[in-house]
file run-v4.cif (mmCIF, C-alpha atoms and all ligand atoms)
data_coords
#
loop_
_atom_site.label_atom_id
_atom_site.label_comp_id
_atom_site.auth_asym_id
_atom_site.auth_seq_id
_atom_site.Cartn_x
_atom_site.Cartn_y
_atom_site.Cartn_z
CA MET A 1 -14.34 -19.80 -16.48
CA ASN A 2 -15.69 -23.18 -17.49
CA ALA A 3 -19.28 -23.23 -16.22
CA THR A 4 -19.23 -27.04 -16.06
CA ALA A 5 -16.34 -27.18 -13.55
CA CYS A 6 -16.34 -26.32 -9.84
CA PRO A 7 -14.32 -23.07 -9.40
CA ILE A 8 -12.82 -24.41 -6.13
CA CYS A 9 -11.70 -27.95 -6.98
CA SER A 10 -12.22 -28.01 -10.79
CA GLY A 11 -14.36 -31.09 -10.28
CA PRO A 12 -17.40 -31.66 -12.51
CA LEU A 13 -20.70 -29.94 -11.75
CA THR A 14 -23.73 -32.15 -11.91
CA PRO A 15 -26.64 -30.19 -13.41
CA PRO A 16 -29.90 -30.74 -11.51
CA ARG A 17 -32.93 -32.03 -13.38
CA THR A 18 -34.69 -28.76 -12.58
CA GLY A 19 -33.70 -25.30 -11.40
CA ARG A 20 -30.51 -23.26 -11.39
CA PRO A 21 -27.25 -25.04 -12.27
CA PRO A 22 -24.96 -25.35 -9.23
CA ARG A 23 -21.88 -23.11 -8.92
CA TYR A 24 -19.97 -25.57 -6.76
CA CYS A 25 -19.72 -29.35 -6.83
CA SER A 26 -20.34 -29.83 -3.11
CA LYS A 27 -21.31 -28.22 0.19
CA GLN A 28 -17.58 -28.27 1.15
CA CYS A 29 -16.60 -26.30 -1.97
CA ARG A 30 -19.44 -23.81 -1.42
CA GLN A 31 -18.16 -23.30 2.15
CA SER A 32 -14.57 -22.95 0.88
CA ALA A 33 -15.74 -20.22 -1.49
CA HIS A 34 -17.62 -18.49 1.34
CA ARG A 35 -14.50 -18.56 3.54
CA ALA A 36 -12.37 -17.24 0.65
CA ARG A 37 -14.82 -14.33 0.20
CA GLU A 38 -14.56 -13.55 3.93
CA ARG A 39 -10.76 -13.65 3.79
CA ALA A 40 -10.82 -11.37 0.71
CA ARG A 41 -13.02 -8.87 2.59
CA GLN A 42 -10.60 -8.89 5.54
CA ALA A 43 -7.59 -8.51 3.23
CA ASP A 44 -9.31 -5.58 1.48
CA THR A 45 -9.83 -3.82 4.84
CA GLU A 46 -6.29 -4.62 5.97
CA ALA A 47 -4.74 -3.35 2.72
CA ALA A 48 -6.68 -0.09 3.01
CA SER A 49 -5.44 0.36 6.57
CA GLN A 50 -1.86 -0.34 5.42
CA ARG A 51 -2.18 2.33 2.71
CA ALA A 52 -3.55 4.78 5.31
CA ARG A 53 -0.53 4.01 7.54
CA LEU A 54 1.79 4.67 4.57
CA THR A 55 0.08 8.01 3.94
CA ARG A 56 0.67 9.03 7.59
CA ASP A 57 4.24 7.67 7.79
CA ILE A 58 5.36 9.18 4.48
CA ALA A 59 3.95 12.59 5.46
CA ARG A 60 5.73 12.32 8.83
CA LEU A 61 8.99 11.31 7.14
CA ALA A 62 8.77 14.40 4.93
CA GLU A 63 8.18 16.55 8.05
CA LEU A 64 11.18 15.01 9.81
CA GLY A 65 13.28 15.59 6.69
CA ALA A 66 12.26 19.25 6.68
CA GLU A 67 13.04 19.52 10.44
CA LEU A 68 16.45 17.93 9.90
CA ALA A 69 17.23 20.27 7.02
CA ALA A 70 16.08 23.28 9.13
CA ALA A 71 18.22 22.14 12.07
CA TRP A 72 21.28 21.69 9.89
CA ALA A 73 20.90 24.81 7.73
CA PRO A 74 22.30 27.37 10.27
CA LEU A 75 25.13 24.98 11.20
CA GLY A 76 26.05 24.45 7.58
CA ALA A 77 25.81 28.18 6.87
CA ALA A 78 27.99 29.06 9.90
CA ASP A 79 30.66 26.52 8.95
CA PRO A 80 33.88 28.52 8.44
CA GLY A 81 35.48 25.70 6.46
CA PRO A 82 38.93 24.25 7.13
CA GLY A 83 41.76 26.20 8.71
CA HIS A 84 39.78 27.87 11.52
CA GLY A 85 40.81 25.74 14.47
CA ASP A 86 38.53 23.46 16.42
CA PRO A 87 35.47 22.26 14.49
CA ILE A 88 32.11 23.44 15.82
CA THR A 89 30.61 20.66 17.96
CA GLY A 90 27.62 20.05 20.21
CA TRP A 91 25.11 19.49 17.44
CA GLU A 92 25.94 15.84 16.68
CA ALA A 93 23.57 14.11 19.14
CA ALA A 94 20.54 16.16 18.07
CA ILE A 95 21.22 15.68 14.35
CA ALA A 96 21.88 11.96 14.85
CA ASP A 97 18.66 11.61 16.86
CA MET A 98 16.58 13.19 14.07
CA ALA A 99 18.28 10.99 11.48
CA ARG A 100 17.61 7.91 13.64
CA ARG A 101 13.90 8.76 13.86
CA MET A 102 13.81 9.11 10.06
CA SER A 103 15.61 5.81 9.71
CA ASN A 104 13.12 4.02 11.99
CA LEU A 105 10.22 5.53 10.09
CA ALA A 106 11.78 4.54 6.74
CA ALA A 107 12.15 0.96 8.05
CA SER A 108 8.48 0.98 9.07
CA ILE A 109 7.48 2.22 5.59
CA THR A 110 9.56 -0.58 4.05
CA ARG A 111 7.80 -3.18 6.25
CA THR A 112 4.33 -1.77 5.54
CA ALA A 113 4.98 -1.77 1.78
CA GLY A 114 6.01 -5.45 1.99
CA ASP A 115 2.96 -6.24 4.16
CA HIS A 116 0.72 -4.53 1.59
CA GLN A 117 2.21 -6.56 -1.23
CA ARG A 118 1.45 -9.81 0.66
CA THR A 119 -2.05 -8.66 1.70
CA ALA A 120 -2.88 -7.65 -1.89
CA ALA A 121 -1.63 -11.02 -3.18
CA ALA A 122 -3.82 -12.83 -0.61
CA TYR A 123 -6.78 -10.66 -1.64
CA ARG A 124 -6.25 -11.53 -5.31
CA ALA A 125 -5.86 -15.25 -4.59
CA ASP A 126 -9.01 -15.36 -2.42
CA THR A 127 -10.99 -13.24 -4.89
CA ARG A 128 -10.02 -15.60 -7.71
CA LEU A 129 -11.02 -18.58 -5.56
CA ALA A 130 -14.34 -17.08 -4.49
CA GLN A 131 -15.60 -15.75 -7.80
ZN ZN B 201 -15.62 -28.53 -5.87
#
call {"tool": "encode", "arguments": {"input": "run-v4.cif", "output": "structure tokens"}}
result
Amino acid sequence: MNATACPICSGPLTPPRTGRPPRYCSKQCRQSAHRARERARQADTEAASQRARLTRDIARLAELGAELAAAWAPLGAADPGPGHGDPITGWEAAIADMARRMSNLAASITRTAGDHQRTAAAYRADTRLAQ
């Protein structure tokens, strides 16, 4: 970082005759940096909460997968194969319902991952701005 340029607008910094050199060229740029730091703090909190949601949702998806496998296992094991008349039925709605819940959860995980990517990018941009 060039210490003679304002980190917000890249404008020149005018060194005072005495005292500490300024970090920003103007009150507006100092306020912009302050707002960027606040946004970065909010993005940091939001990203952490998105990762916590992913931890919960991914654990739940694994549970649902195990429940689906457990529900299907006896049906699959009892399947006599072709040539034994009418197929066994009555299980379809329950299996489909479990698969639908997994599908909804997977869609939510997909959205949260995308949200996290955007939140992390905003954090990085605001952190760069506010340094
Ligand atoms: Zn400036």
call {"tool": "residues_near_ligand", "arguments": {"input": "run-v4.cif", "ligand": "ligand ZN 201 (chain B)", "cutoff": "9 Å", "atoms": "all atoms listed in the file", "output": "ChimeraX atom specification"}}
result
/A:5-13,23-30,32
call {"tool": "atom_distance", "arguments": {"input": "run-v4.cif", "atom1": "CA of Ala120 (chain A)", "atom2": "CA of Thr55 (chain A)"}}
result
17.0 Å
call {"tool": "closest_residue", "arguments": {"input": "run-v4.cif", "among": "A:Ala33, A:Ala99, A:Ala43, A:Leu61", "to": "Leu129 (chain A)", "atoms": "only C-alpha atoms"}}
result
A:Ala33
call {"tool": "closest_residue", "arguments": {"input": "run-v4.cif", "among": "A:Arg39, A:Thr110, A:Ala59, A:Ala48", "to": "Ala125 (chain A)", "atoms": "all atoms listed in the file"}}
result
A:Arg39
call {"tool": "atom_distance", "arguments": {"input": "run-v4.cif", "atom1": "CA of Ala77 (chain A)", "atom2": "CA of Ala62 (chain A)"}}
result
22.0 Å
call {"tool": "closest_residue", "arguments": {"input": "run-v4.cif", "among": "A:Arg37, A:Arg60, A:Gln31, A:Ser49", "to": "Asn104 (chain A)", "atoms": "all atoms listed in the file"}}
result
A:Arg60
call {"tool": "closest_residue", "arguments": {"input": "run-v4.cif", "among": "A:Asp79, A:Ala122, A:Pro21, A:Ala113", "to": "Arg53 (chain A)", "atoms": "all atoms listed in the file"}}
result
A:Ala113
call {"tool": "closest_residue", "arguments": {"input": "run-v4.cif", "among": "A:Ala69, A:Ile88, A:Leu54, A:Ala40", "to": "Asp115 (chain A)", "atoms": "only C-alpha atoms"}}
result
A:Leu54
call {"tool": "closest_residue", "arguments": {"input": "run-v4.cif", "among": "A:Asp44, A:Ala70, A:Leu64, A:Arg124", "to": "Arg101 (chain A)", "atoms": "all atoms listed in the file"}}
result
A:Leu64
call {"tool": "atom_distance", "arguments": {"input": "run-v4.cif", "atom1": "CA of Arg56 (chain A)", "atom2": "CA of Thr112 (chain A)"}}
result
11.6 Å
